[in-house]
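Student: Have a look at this one.
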Amino acid sequence: MSRPKNHKLNHIMESLLELIDNIQPLGVGYHFKNNIKRALDRIVTLEQSDEGEDKSLHGTALKFRLLRQHGFDVSQDVFNQFKDHNGNFNARLSNDVKGLLSLHEAAYLAFERETLLDEAKEFSLLNLKHHVGRINDSNLADQVSHLLDLPLQRRMVRLETREYIDAYGKRDDANHVLLELAVVDFNMVQSKHQRELQDLTR
């Protein structure tokens, strides 16, 4: 496949991964469980054929995290491409805030003795802290601040959903159909929980 086609395919794959990544914290992932599984299966197939090779830090880290979260076997070695000849993460990545954010979130899915991911966590944390207060994109700045306050893997899902819905609604790239579904679903779940609580307290 030609390089332009690879670039276009990578862009499509990254957009799909970002959609999946938004669906989950919006609290509606259970509605699309089978669709997400099929999409990730397709991405793995493309990756194995080298058609889905991704050279961006954000795309690689996001793909790594989502695949691991959904039980796929993916090696930490995918991040070796971002290291220099001394075995350190390339210094040029220090200004890629979106990539660093994704790398830091991915690093929390490390297994025991995966030292490369331990290095990734340390590298991304150091550089993200450096960028606090200097990020022009307000949405990205909020994501970084939130991550530093409470890493993704340590958050309580339903408590985070309302906050994520509010934050997602302020984004320029928000999918308003998805947003509306998330709001309706959240209200229905809250209403159900309230009825169950009332039944228990009678």
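Residue names in the structure tokens use chain letters A, B, ... in the order shown, residue numbers from 1 in each chain, and ligand numbers from 1 in the order shown.
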Excluding Glu122 (chain A) and any residue of its chain fewer than 6 positions from it, enumerate the residues within 12 Å of it, using only C-alpha atoms, and give them as a ChimeraX atom specification.

Tutor: /A:88-89,100-101,103-105,107-108,115-116,128-129

Student: Restricted to C-alpha atoms, what would the selected residues look like written as a PDB file, in the first residue's frame?

Tutor:
ATOM      1  CA  ASN A  88      15.584   6.836  26.054  1.00  0.00           C
ATOM      2  CA  PHE A  89      12.288   8.265  24.903  1.00  0.00           C
ATOM      3  CA  LEU A 100       2.157  12.333  26.292  1.00  0.00           C
ATOM      4  CA  LEU A 101      -1.350  12.282  27.744  1.00  0.00           C
ATOM      5  CA  LEU A 103       1.162   7.526  26.731  1.00  0.00           C
ATOM      6  CA  HIS A 104       0.662   8.203  30.435  1.00  0.00           C
ATOM      7  CA  GLU A 105      -2.809   6.650  30.402  1.00  0.00           C
ATOM      8  CA  ALA A 107       1.371   3.132  30.976  1.00  0.00           C
ATOM      9  CA  TYR A 108      -1.086   2.377  33.777  1.00  0.00           C
ATOM     10  CA  THR A 115       9.979  -1.708  32.533  1.00  0.00           C
ATOM     11  CA  LEU A 116       9.440   0.078  29.220  1.00  0.00           C
ATOM     12  CA  LEU A 128       3.084  16.791  31.380  1.00  0.00           C
ATOM     13  CA  LYS A 129       3.859  18.554  34.653  1.00  0.00           C
TER      14      LYS A 129
END

Student: Rank A:Tyr164, A:Asn95, A:His58, A:Arg68 by their smallest atom-to-atom distance to His146 (chain A), using only C-alpha atoms, and report the top residue only.

Tutor: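 Going through A:Tyr164, A:Asn95, A:His58, A:Arg68 one by one, the smallest distance to His146 (chain A) is for A:Tyr164.
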
Student: Please report, as a ChimeraX atom specification, each residue of region 28-182 of chain A to which DSSP assigns helix (DSSP H, G or I) when run on this structure's backbone.

Tutor: /A:29-48,57-69,76-82,91-95,97-107,115-131,138-149,152-154,157-169,176-182

Student: Ranking A:Leu140, A:Leu150, A:Ala182, A:Leu57 by minimum distance to Gln24 (chain A) and counting only C-alpha atoms, which one comes first?

Tutor: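 Of all the options, A:Ala182 lies closest to Gln24 (chain A).
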
Student: What separation in Å, quoted to one decimal, exists between CA of Lys83 (chain A) and CA of Lys55 (chain A)?

Tutor: 12.2 Å

Student: Go ahead and compute the interatomic distance for CA of Asn187 (chain A) and CA of Asp173 (chain A), in Å to one decimal.

Tutor: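 Atom-to-atom, CA of Asn187 (chain A) and CA of Asp173 (chain A) are spaced 23.1 Å apart.
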
Student: In Å to one decimal, how far is CA of Glu18 (chain A) from CA of Leu147 (chain A)?

Tutor: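 One can read the CA of Leu147 (chain A) to CA of Glu18 (chain A) distance as 16.9 Å.
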
Student: May I ask which of the residues A:Ala110, A:Val97, A:Leu62, A:Val78 is the closest one to Ser15 (chain A), counting only C-alpha atoms?

Tutor: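 Among the listed residues, A:Leu62 lies closest to Ser15 (chain A).
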
Student: Check the smallest atom-to-atom distance from each of A:Asp96, A:Glu180, A:Asp77, A:Asp185 to Ser124 (chain A) using only C-alpha atoms, then report the winner.

Tutor: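 Closest residue, counting only C-alpha atoms: A:Asp96.
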
Student: Need to verify the contact set: Ser56 (chain A), 12 Å, only C-alpha atoms, exclusion of same-chain residues closer than 6 positions in sequence. Can you return it as a PyMOL selection string?

Tutor: chain A and resi 7+10-11+13-14+62-63+78-79+81-82+93+96+98-100+102-103

Student: Counting only C-alpha atoms, which of A:Lys8, A:Asp21, A:Arg171, A:Asn35 gets nearest to Phe64 (chain A)?

Tutor: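 Counting only C-alpha atoms, the residue closest to Phe64 (chain A) is A:Asp21.
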